[in-house]
$ cat protein_32.cif   # mmCIF, C-alpha atoms
data_work
#
loop_
_atom_site.label_atom_id
_atom_site.label_comp_id
_atom_site.auth_asym_id
_atom_site.auth_seq_id
_atom_site.Cartn_x
_atom_site.Cartn_y
_atom_site.Cartn_z
CA MET A 5 16.23 -34.37 8.58
CA SER A 6 17.65 -32.33 5.72
CA SER A 7 19.65 -29.21 6.46
CA VAL A 8 19.17 -25.77 4.93
CA VAL A 9 21.53 -25.24 2.01
CA ILE A 10 23.45 -21.97 2.31
CA THR A 11 25.70 -20.90 -0.53
CA TRP A 12 27.61 -18.02 1.01
CA GLY A 13 31.31 -17.64 0.50
CA HIS A 14 32.25 -16.13 3.86
CA GLU A 15 33.01 -17.79 7.21
CA PRO A 16 31.52 -18.96 9.47
CA LEU A 17 28.46 -19.93 7.43
CA PRO A 18 30.14 -22.70 5.39
CA GLN A 19 31.57 -24.08 8.62
CA LEU A 20 28.16 -24.12 10.33
CA HIS A 21 26.62 -25.69 7.25
CA ALA A 22 29.31 -28.39 7.16
CA PHE A 23 28.89 -28.98 10.89
CA VAL A 24 25.09 -29.44 10.65
CA VAL A 25 25.35 -31.81 7.68
CA LEU A 26 28.02 -33.92 9.41
CA ALA A 27 25.96 -33.96 12.62
CA GLU A 28 23.02 -35.33 10.62
CA GLU A 29 25.03 -37.90 8.65
CA LEU A 30 27.63 -38.82 11.30
CA HIS A 31 29.80 -40.00 8.42
CA PHE A 32 32.42 -37.86 6.69
CA GLY A 33 32.00 -39.56 3.31
CA SER A 34 28.19 -39.17 3.29
CA ALA A 35 28.38 -35.58 4.56
CA ALA A 36 30.97 -34.64 1.92
CA ALA A 37 28.76 -36.16 -0.79
CA ARG A 38 25.76 -34.11 0.37
CA LEU A 39 27.83 -30.96 0.39
CA GLY A 40 29.32 -31.72 -3.02
CA ILE A 41 32.90 -31.48 -1.78
CA ALA A 42 35.72 -33.90 -1.05
CA GLN A 43 36.37 -35.18 2.46
CA PRO A 44 39.60 -33.16 3.12
CA PRO A 45 37.87 -29.76 2.68
CA LEU A 46 35.05 -30.97 4.95
CA SER A 47 37.53 -31.99 7.62
CA GLN A 48 39.22 -28.59 7.32
CA GLN A 49 35.92 -26.76 7.78
CA ILE A 50 35.13 -28.76 10.92
CA ARG A 51 38.61 -28.16 12.37
CA ARG A 52 38.32 -24.41 11.79
CA LEU A 53 34.97 -24.35 13.56
CA GLU A 54 36.37 -26.39 16.44
CA ASP A 55 39.24 -23.89 16.71
CA LYS A 56 36.71 -21.06 17.02
CA VAL A 57 34.69 -22.95 19.66
CA GLY A 58 37.81 -24.08 21.52
CA HIS A 59 36.55 -27.64 21.89
CA THR A 60 36.13 -30.67 19.70
CA LEU A 61 32.64 -31.08 18.28
CA PHE A 62 32.91 -34.69 17.09
CA THR A 63 34.51 -37.81 18.47
CA ARG A 64 36.25 -39.57 15.60
CA ALA A 65 36.86 -43.30 15.69
CA PRO A 66 37.37 -45.87 12.90
CA GLY A 67 33.95 -46.27 11.30
CA SER A 68 32.28 -44.02 13.89
CA VAL A 69 31.56 -40.30 14.27
CA THR A 70 29.59 -38.98 17.25
CA LEU A 71 28.81 -35.54 18.62
CA THR A 72 30.63 -34.42 21.74
CA PRO A 73 28.69 -32.56 24.46
CA ALA A 74 29.96 -29.30 22.95
CA GLY A 75 28.74 -30.40 19.51
CA SER A 76 25.32 -31.38 20.87
CA GLU A 77 25.02 -27.94 22.48
CA LEU A 78 25.97 -26.15 19.26
CA LEU A 79 23.73 -28.11 16.89
CA PRO A 80 20.32 -26.50 17.63
CA ALA A 81 21.81 -22.99 17.58
CA ALA A 82 23.59 -23.71 14.28
CA ARG A 83 20.35 -24.96 12.73
CA ARG A 84 18.48 -21.84 13.92
CA ALA A 85 21.19 -19.58 12.54
CA LEU A 86 21.13 -21.24 9.13
CA THR A 87 17.34 -21.19 9.01
CA ASP A 88 17.19 -17.52 10.05
CA ILE A 89 19.68 -16.58 7.34
CA ALA A 90 17.81 -18.58 4.71
CA ASP A 91 14.52 -16.95 5.77
CA GLY A 92 16.12 -13.52 5.73
CA LEU A 93 17.51 -14.05 2.25
CA ALA A 94 14.13 -15.26 0.98
CA ALA A 95 12.37 -12.28 2.56
CA ALA A 96 14.90 -9.84 1.10
CA ARG A 97 14.47 -11.37 -2.36
CA ALA A 98 10.67 -11.17 -2.03
CA VAL A 99 10.77 -7.51 -0.99
CA GLY A 100 13.31 -6.69 -3.68
CA SER A 101 11.14 -8.31 -6.35
CA GLY A 102 7.99 -6.54 -5.15
CA SER A 103 6.16 -9.70 -4.06
CA ALA A 104 6.33 -8.94 -0.32
CA GLY A 105 6.87 -6.04 2.04
CA ARG A 106 4.76 -3.10 3.22
CA LEU A 107 2.98 -0.50 1.12
CA ARG A 108 1.52 2.62 2.76
CA ILE A 109 -1.48 4.03 0.91
CA GLY A 110 -3.36 7.27 1.54
CA PHE A 111 -6.87 7.60 0.14
CA ALA A 112 -9.65 10.15 0.04
CA ALA A 113 -12.65 8.83 1.96
CA SER A 114 -15.00 9.14 -1.01
CA LEU A 115 -12.84 6.66 -2.94
CA ALA A 116 -14.04 3.92 -0.62
CA LEU A 117 -17.27 4.35 -2.62
CA THR A 118 -15.55 3.92 -5.99
CA ILE A 119 -12.18 2.41 -6.90
CA LEU A 120 -10.60 1.57 -3.54
CA PRO A 121 -12.31 -1.76 -2.67
CA SER A 122 -11.73 -3.40 -6.07
CA LEU A 123 -8.17 -2.06 -6.31
CA LEU A 124 -7.16 -3.39 -2.90
CA ARG A 125 -8.92 -6.70 -3.52
CA THR A 126 -7.10 -7.21 -6.85
CA PHE A 127 -3.72 -6.18 -5.46
CA HIS A 128 -4.07 -8.41 -2.39
CA HIS A 129 -5.04 -11.34 -4.61
CA GLN A 130 -1.98 -10.82 -6.81
CA PHE A 131 0.46 -10.12 -3.96
CA PRO A 132 -0.83 -11.77 -0.76
CA GLY A 133 2.59 -11.36 0.89
CA VAL A 134 2.36 -7.57 0.82
CA HIS A 135 1.05 -5.81 3.92
CA LEU A 136 -1.16 -2.85 2.98
CA ASP A 137 -1.10 0.00 5.48
CA ILE A 138 -4.16 2.14 4.63
CA HIS A 139 -4.64 5.75 5.79
CA GLU A 140 -7.79 7.82 5.21
CA MET A 141 -6.61 11.32 4.27
CA THR A 142 -7.86 14.26 2.24
CA THR A 143 -5.89 15.54 -0.73
CA ALA A 144 -3.63 18.19 0.84
CA PRO A 145 -2.47 15.92 3.69
CA GLN A 146 -1.73 13.17 1.16
CA ILE A 147 0.51 15.49 -0.84
CA ALA A 148 2.34 16.46 2.35
CA ALA A 149 2.65 12.80 3.41
CA LEU A 150 4.13 11.85 0.04
CA HIS A 151 6.75 14.58 0.39
CA ASP A 152 7.44 13.51 4.00
CA LYS A 153 7.69 9.85 2.92
CA THR A 154 5.06 8.72 5.42
CA ILE A 155 2.96 7.19 2.63
CA ASP A 156 4.10 5.58 -0.62
CA ILE A 157 0.96 5.98 -2.76
CA GLY A 158 -1.84 8.53 -2.71
CA LEU A 159 -5.34 8.16 -4.14
CA LEU A 160 -6.74 11.66 -4.23
CA ARG A 161 -9.00 14.15 -6.00
CA GLU A 162 -7.87 17.01 -8.20
CA PRO A 163 -4.13 17.11 -7.46
CA ARG A 164 -2.72 20.60 -7.61
CA ASN A 165 -0.37 21.68 -10.37
CA GLY A 166 3.34 22.33 -9.97
CA GLU A 167 4.33 19.19 -8.05
CA THR A 168 7.66 18.49 -9.73
CA GLU A 169 8.72 15.67 -7.39
CA LEU A 170 5.48 13.72 -7.65
CA GLY A 171 3.98 11.69 -10.45
CA PHE A 172 0.23 11.68 -11.11
CA ARG A 173 -1.97 9.47 -13.24
CA THR A 174 -5.72 9.91 -13.68
CA VAL A 175 -7.57 6.73 -12.77
CA LEU A 176 -11.16 7.96 -12.70
CA SER A 177 -13.30 10.96 -13.58
CA GLU A 178 -16.89 11.51 -12.55
CA PRO A 179 -19.53 14.25 -12.85
CA PHE A 180 -20.84 16.42 -10.06
CA VAL A 181 -24.25 16.16 -8.43
CA ALA A 182 -26.29 18.56 -6.34
CA VAL A 183 -26.75 17.38 -2.74
CA LEU A 184 -30.10 18.61 -1.40
CA PRO A 185 -32.25 18.05 1.65
CA SER A 186 -35.07 15.76 0.56
CA THR A 187 -37.50 18.49 1.65
CA HIS A 188 -35.91 21.05 -0.69
CA SER A 189 -38.20 22.32 -3.46
CA LEU A 190 -35.60 21.39 -6.11
CA SER A 191 -35.45 17.76 -4.95
CA THR A 192 -38.56 17.02 -7.04
CA GLN A 193 -36.60 17.78 -10.23
CA ARG A 194 -34.47 15.17 -12.00
CA THR A 195 -31.93 17.82 -13.01
CA VAL A 196 -31.03 21.02 -11.17
CA GLY A 197 -29.69 24.07 -12.95
CA LEU A 198 -26.74 25.48 -11.03
CA ALA A 199 -28.19 28.99 -11.25
CA GLN A 200 -31.17 27.71 -9.23
CA LEU A 201 -28.86 27.34 -6.23
CA ALA A 202 -27.75 30.98 -6.26
CA ASP A 203 -29.74 32.04 -3.19
CA THR A 204 -29.09 28.86 -1.18
CA SER A 205 -26.62 28.32 1.65
CA PHE A 206 -23.81 25.83 0.95
CA VAL A 207 -21.93 23.20 2.95
CA LEU A 208 -18.51 22.49 1.42
CA LEU A 209 -15.17 20.89 2.09
CA PRO A 210 -12.71 23.58 3.27
CA ARG A 211 -10.13 24.69 0.75
CA THR A 212 -7.29 23.62 3.05
CA VAL A 213 -8.03 19.91 2.61
CA GLY A 214 -8.60 19.93 -1.16
CA PRO A 215 -7.67 23.24 -2.80
CA SER A 216 -8.20 22.21 -6.43
CA LEU A 217 -11.54 20.48 -5.84
CA HIS A 218 -12.79 23.37 -3.71
CA ASP A 219 -11.77 25.87 -6.39
CA GLN A 220 -13.44 23.76 -9.07
CA ILE A 221 -16.75 23.79 -7.21
CA ILE A 222 -16.53 27.53 -6.61
CA GLY A 223 -15.68 27.96 -10.30
CA LEU A 224 -18.80 26.03 -11.35
CA CYS A 225 -20.96 28.34 -9.30
CA THR A 226 -19.15 31.43 -10.57
CA ALA A 227 -19.70 30.28 -14.17
CA ALA A 228 -23.41 29.97 -13.33
CA GLY A 229 -23.45 33.60 -12.22
CA PHE A 230 -23.15 33.51 -8.43
CA THR A 231 -20.73 33.04 -5.55
CA PRO A 232 -21.89 30.30 -3.17
CA GLN A 233 -22.76 31.36 0.37
CA VAL A 234 -20.75 28.83 2.40
CA VAL A 235 -22.21 28.62 5.89
CA GLN A 236 -20.44 25.48 7.07
CA ASP A 237 -17.27 23.51 6.29
CA ALA A 238 -16.95 19.75 6.72
CA VAL A 239 -13.80 17.71 6.12
CA GLU A 240 -15.50 14.49 4.93
CA TRP A 241 -18.25 14.07 2.33
CA GLN A 242 -20.30 11.91 4.67
CA THR A 243 -20.36 14.81 7.13
CA VAL A 244 -21.30 17.20 4.32
CA CYS A 245 -24.27 14.98 3.46
CA ALA A 246 -25.29 14.70 7.12
CA LEU A 247 -25.29 18.49 7.49
CA VAL A 248 -27.28 18.86 4.27
CA GLU A 249 -29.82 16.41 5.71
CA THR A 250 -30.35 18.76 8.66
CA GLY A 251 -31.34 21.53 6.24
CA LEU A 252 -28.24 23.60 6.94
CA GLY A 253 -27.56 24.04 3.23
CA VAL A 254 -26.91 22.29 -0.08
CA SER A 255 -23.69 21.11 -1.70
CA LEU A 256 -22.03 20.05 -4.94
CA ALA A 257 -20.18 16.75 -4.77
CA PRO A 258 -18.68 13.98 -6.90
CA ALA A 259 -21.37 11.64 -8.20
CA SER A 260 -20.04 8.67 -6.22
CA ILE A 261 -21.33 10.39 -3.08
CA ARG A 262 -24.77 9.09 -4.11
CA ARG A 263 -23.72 5.79 -2.55
CA ILE A 264 -23.96 7.38 0.89
CA ARG A 265 -27.47 6.34 1.85
CA LEU A 266 -29.23 9.00 3.92
CA LYS A 267 -33.02 9.10 3.87
CA GLY A 268 -33.16 12.86 4.18
CA VAL A 269 -30.78 13.63 1.30
CA ALA A 270 -31.51 13.82 -2.43
CA PHE A 271 -28.83 13.68 -5.14
CA ARG A 272 -29.67 15.31 -8.45
CA ARG A 273 -27.82 15.80 -11.73
CA ILE A 274 -26.75 19.34 -12.44
CA GLU A 275 -27.00 21.46 -15.57
CA PRO A 276 -24.62 22.21 -17.16
CA GLY A 277 -23.25 18.76 -16.47
CA THR A 278 -20.03 18.77 -18.47
CA ALA A 279 -17.67 19.37 -15.52
CA ARG A 280 -16.01 16.29 -14.07
CA THR A 281 -13.81 15.74 -11.04
CA ARG A 282 -10.60 13.80 -11.51
CA VAL A 283 -9.27 11.05 -9.24
CA ALA A 284 -5.55 10.42 -9.52
CA VAL A 285 -2.95 8.06 -8.13
CA ALA A 286 0.13 9.91 -6.89
CA TRP A 287 3.64 8.72 -6.04
CA ARG A 288 7.17 10.02 -5.63
CA GLU A 289 8.93 10.01 -8.99
CA ASN A 290 12.24 8.92 -7.45
CA ASP A 291 10.75 6.16 -5.28
CA ARG A 292 12.55 2.87 -5.96
CA ASN A 293 10.15 0.74 -3.93
CA PRO A 294 9.07 -2.00 -6.39
CA LEU A 295 5.70 -2.24 -4.65
CA VAL A 296 4.82 1.24 -5.91
CA ARG A 297 5.30 0.05 -9.49
CA ARG A 298 3.31 -3.09 -8.73
CA LEU A 299 0.32 -1.04 -7.58
CA LEU A 300 0.56 1.30 -10.55
CA ALA A 301 0.62 -1.73 -12.83
CA THR A 302 -2.44 -3.17 -11.06
CA ILE A 303 -4.36 0.06 -11.69
CA SER A 304 -3.35 0.00 -15.36
CA GLN A 305 -4.52 -3.61 -15.76
CA ASP A 306 -8.09 -2.80 -14.81
CA PRO A 307 -8.82 0.92 -15.11
CA PRO A 308 -12.05 1.74 -13.25
CA ASP A 309 -14.99 3.55 -14.76
CA GLY A 310 -16.60 6.42 -12.95
CA PRO A 311 -20.30 7.10 -12.51
CA ARG A 312 -22.12 8.30 -15.60
#

$ encode --input "protein_32.cif" --output "structure tokens"
Amino acid sequence: MSSVVITWGHEPLPQLHAFVVLAEELHFGSAAARLGIAQPPLSQQIRRLEDKVGHTLFTRAPGSVTLTPAGSELLPAARRALTDIADGLAAARAVGSGSAGRLRIGFAASLALTILPSLLRTFHHQFPGVHLDIHEMTTAPQIAALHDKTIDIGLLREPRNGETELGFRTVLSEPFVAVLPSTHSLSTQRTVGLAQLADTSFVLLPRTVGPSLHDQIIGLCTAAGFTPQVVQDAVEWQTVCALVETGLGVSLAPASIRRIRLKGVAFRRIEPGTARTRVAVAWRENDRNPLVRRLLATISQDPPDGPR
């Protein structure tokens, strides 16, 4: 059996290392050769350890070295200690280099329909030693969680301006679509003019969970000449679509929402169709966690394309 090599300049680790090697070789000359030292320093290390234990660990005789009962008792514990330290050092180096550790990610639910699966798959393939702790959160809670340091990365829609402590990078933009009950008269059209929705009830995400996105949708309607009549809020887009299916109202949503398959819902392009919603990755500017930089680099390697 070969022992774990520990190069640490403080007692008692060199003494434990010397003890384990001598216990395996049972020969001072062979043990000293393995350790790369002369025999006198090896003997000194063993004597110092024996002084700490208060008992001899080896029986020395001409041409013979054997473990005493005290030495036999110490050997498994010494091996465990050296192995634990070696494992701890390796783990610390891996975390410090960004190849292991834990990364906490917040994401808007709709991103599970766009960039999230491929991003996580690529990152996990590149860094299998990293544990990804994923939290489904809307935009405003993600911003709060970044400030509170309960997540490390946010994937969110339309981050608000004025966040001096956070960094943002756009990773995707996509157009809006009208979300209609399949029985709605406008569902027979390929494109819906926003002004055609002026007298229709709306189901929207509340402003509290995504202020910028909510304001953008309201702004689109205002530019078309009307203020939407919001009759129901829903925190998640899947719930919005389910409520639209019941005939409660219509909605405007990011185009990726079309991947939610509901038989009673129709998704139609809108006119004008120049407005786009932005998806961004967010992080704390002063965060020194190397895993944050690793994920940002992964996004940069393969920037996703949004729906056309």

$ closest_residue --input "protein_32.cif" --among "A:His21, A:Arg161, A:Arg273, A:Arg125" --to "Ala113 in chain A" --atoms "only C-alpha atoms"
A:Arg161

$ closest_residue --input "protein_32.cif" --among "A:Pro179, A:Gly171, A:Arg262, A:Gly277" --to "Leu198 in chain A" --atoms "only C-alpha atoms"
A:Gly277

$ atom_distance --input "protein_32.cif" --atom1 "CA of Phe131 in chain A" --atom2 "CA of Arg106 in chain A"
10.9 Å

$ resolve_selection --input "protein_32.cif" --expression "the PyMOL selection byres ((chain A and resi 86) around 8)" --output "ChimeraX atom specification"
/A:8,10,17,20-21,82-85,87-90

$ atom_distance --input "protein_32.cif" --atom1 "CA of Ile147 in chain A" --atom2 "CA of Ser122 in chain A"
23.1 Å

$ atom_distance --input "protein_32.cif" --atom1 "CA of Thr154 in chain A" --atom2 "CA of Thr302 in chain A"
21.7 Å

$ residues_around --input "protein_32.cif" --residues "Thr192 in chain A" --least-positions-apart "3" --cutoff "12 Å" --atoms "only C-alpha atoms" --output "NGL selection string"
:A and (184-189 or 195-196 or 269-273)

$ resolve_selection --input "protein_32.cif" --expression "the PyMOL selection byres ((chain A and resi 208-225) around 8)" --output "ChimeraX atom specification"
/A:142-145,161-164,198-199,202,206-207,226-232,234,236-241,244,255-256,279,281

$ write_last_selection --input "protein_32.cif" --atoms "C-alpha atoms" --output "short mmCIF file (atom, residue, chain, number, x, y, z; two decimals), keeping the file's coordinate frame"
data_model
loop_
_atom_site.label_atom_id
_atom_site.label_comp_id
_atom_site.auth_asym_id
_atom_site.auth_seq_id
_atom_site.Cartn_x
_atom_site.Cartn_y
_atom_site.Cartn_z
CA THR A 142 -7.86 14.26 2.24
CA THR A 143 -5.89 15.54 -0.73
CA ALA A 144 -3.63 18.19 0.84
CA PRO A 145 -2.47 15.92 3.69
CA ARG A 161 -9.00 14.15 -6.00
CA GLU A 162 -7.87 17.01 -8.20
CA PRO A 163 -4.13 17.11 -7.46
CA ARG A 164 -2.72 20.60 -7.61
CA LEU A 198 -26.74 25.48 -11.03
CA ALA A 199 -28.19 28.99 -11.25
CA ALA A 202 -27.75 30.98 -6.26
CA PHE A 206 -23.81 25.83 0.95
CA VAL A 207 -21.93 23.20 2.95
CA THR A 226 -19.15 31.43 -10.57
CA ALA A 227 -19.70 30.28 -14.17
CA ALA A 228 -23.41 29.97 -13.33
CA GLY A 229 -23.45 33.60 -12.22
CA PHE A 230 -23.15 33.51 -8.43
CA THR A 231 -20.73 33.04 -5.55
CA PRO A 232 -21.89 30.30 -3.17
CA VAL A 234 -20.75 28.83 2.40
CA GLN A 236 -20.44 25.48 7.07
CA ASP A 237 -17.27 23.51 6.29
CA ALA A 238 -16.95 19.75 6.72
CA VAL A 239 -13.80 17.71 6.12
CA GLU A 240 -15.50 14.49 4.93
CA TRP A 241 -18.25 14.07 2.33
CA VAL A 244 -21.30 17.20 4.32
CA SER A 255 -23.69 21.11 -1.70
CA LEU A 256 -22.03 20.05 -4.94
CA ALA A 279 -17.67 19.37 -15.52
CA THR A 281 -13.81 15.74 -11.04
#

$ residues_around --input "protein_32.cif" --residues "Gly197 in chain A" --least-positions-apart "3" --cutoff "9 Å" --atoms "all atoms listed in the file" --output "PyMOL selection string"
chain A and resi 200-201+228+273-276

$ write_last_selection --input "protein_32.cif" --atoms "C-alpha atoms" --output "PDB file, in the frame of the given file"
ATOM      1  CA  GLN A 200     -31.170  27.710  -9.230  1.00  0.00           C
ATOM      2  CA  LEU A 201     -28.860  27.340  -6.230  1.00  0.00           C
ATOM      3  CA  ALA A 228     -23.410  29.970 -13.330  1.00  0.00           C
ATOM      4  CA  ARG A 273     -27.820  15.800 -11.730  1.00  0.00           C
ATOM      5  CA  ILE A 274     -26.750  19.340 -12.440  1.00  0.00           C
ATOM      6  CA  GLU A 275     -27.000  21.460 -15.570  1.00  0.00           C
ATOM      7  CA  PRO A 276     -24.620  22.210 -17.160  1.00  0.00           C
TER       8      PRO A 276
END

$ residues_around --input "protein_32.cif" --residues "Asp137 in chain A" --least-positions-apart "4" --cutoff "9 Å" --atoms "only C-alpha atoms" --output "list in words"
Arg106, Leu107, Arg108, Ile109, Gly110 and Ile155 of chain A

$ closest_residue --input "protein_32.cif" --among "A:Val183, A:Ile303, A:Leu115, A:Glu169" --to "Ala246 in chain A" --atoms "all atoms listed in the file"
A:Val183

$ residues_around --input "protein_32.cif" --residues "range 39-56 of chain A" --least-positions-apart "3" --cutoff "9 Å" --atoms "all atoms listed in the file" --output "PDB file with C-alpha atoms, in the frame of the given file"
ATOM      1  CA  VAL A   9      21.530 -25.240   2.010  1.00  0.00           C
ATOM      2  CA  PRO A  16      31.520 -18.960   9.470  1.00  0.00           C
ATOM      3  CA  PRO A  18      30.140 -22.700   5.390  1.00  0.00           C
ATOM      4  CA  GLN A  19      31.570 -24.080   8.620  1.00  0.00           C
ATOM      5  CA  LEU A  20      28.160 -24.120  10.330  1.00  0.00           C
ATOM      6  CA  HIS A  21      26.620 -25.690   7.250  1.00  0.00           C
ATOM      7  CA  ALA A  22      29.310 -28.390   7.160  1.00  0.00           C
ATOM      8  CA  PHE A  23      28.890 -28.980  10.890  1.00  0.00           C
ATOM      9  CA  VAL A  25      25.350 -31.810   7.680  1.00  0.00           C
ATOM     10  CA  LEU A  26      28.020 -33.920   9.410  1.00  0.00           C
ATOM     11  CA  PHE A  32      32.420 -37.860   6.690  1.00  0.00           C
ATOM     12  CA  GLY A  33      32.000 -39.560   3.310  1.00  0.00           C
ATOM     13  CA  SER A  34      28.190 -39.170   3.290  1.00  0.00           C
ATOM     14  CA  ALA A  35      28.380 -35.580   4.560  1.00  0.00           C
ATOM     15  CA  ALA A  36      30.970 -34.640   1.920  1.00  0.00           C
ATOM     16  CA  HIS A  59      36.550 -27.640  21.890  1.00  0.00           C
ATOM     17  CA  THR A  60      36.130 -30.670  19.700  1.00  0.00           C
ATOM     18  CA  LEU A  61      32.640 -31.080  18.280  1.00  0.00           C
ATOM     19  CA  PHE A  62      32.910 -34.690  17.090  1.00  0.00           C
TER      20      PHE A  62
END

$ residues_around --input "protein_32.cif" --residues "range 287-296 of chain A" --least-positions-apart "6" --cutoff "12 Å" --atoms "only C-alpha atoms" --output "PyMOL selection string"
chain A and resi 97-110+127-128+130-131+133-136+146-160+163+167-173+302-303

$ resolve_selection --input "protein_32.cif" --expression "the PyMOL selection byres ((chain A and resi 258) around 7)" --output "list in words"
Glu178, Pro179, Phe180, Val181, Ala257, Ala259, Ser260, Ile261 and Thr281 of chain A

$ closest_residue --input "protein_32.cif" --among "A:Asn165, A:Thr174, A:Thr63, A:Ser68" --to "Leu300 in chain A" --atoms "all atoms listed in the file"
A:Thr174
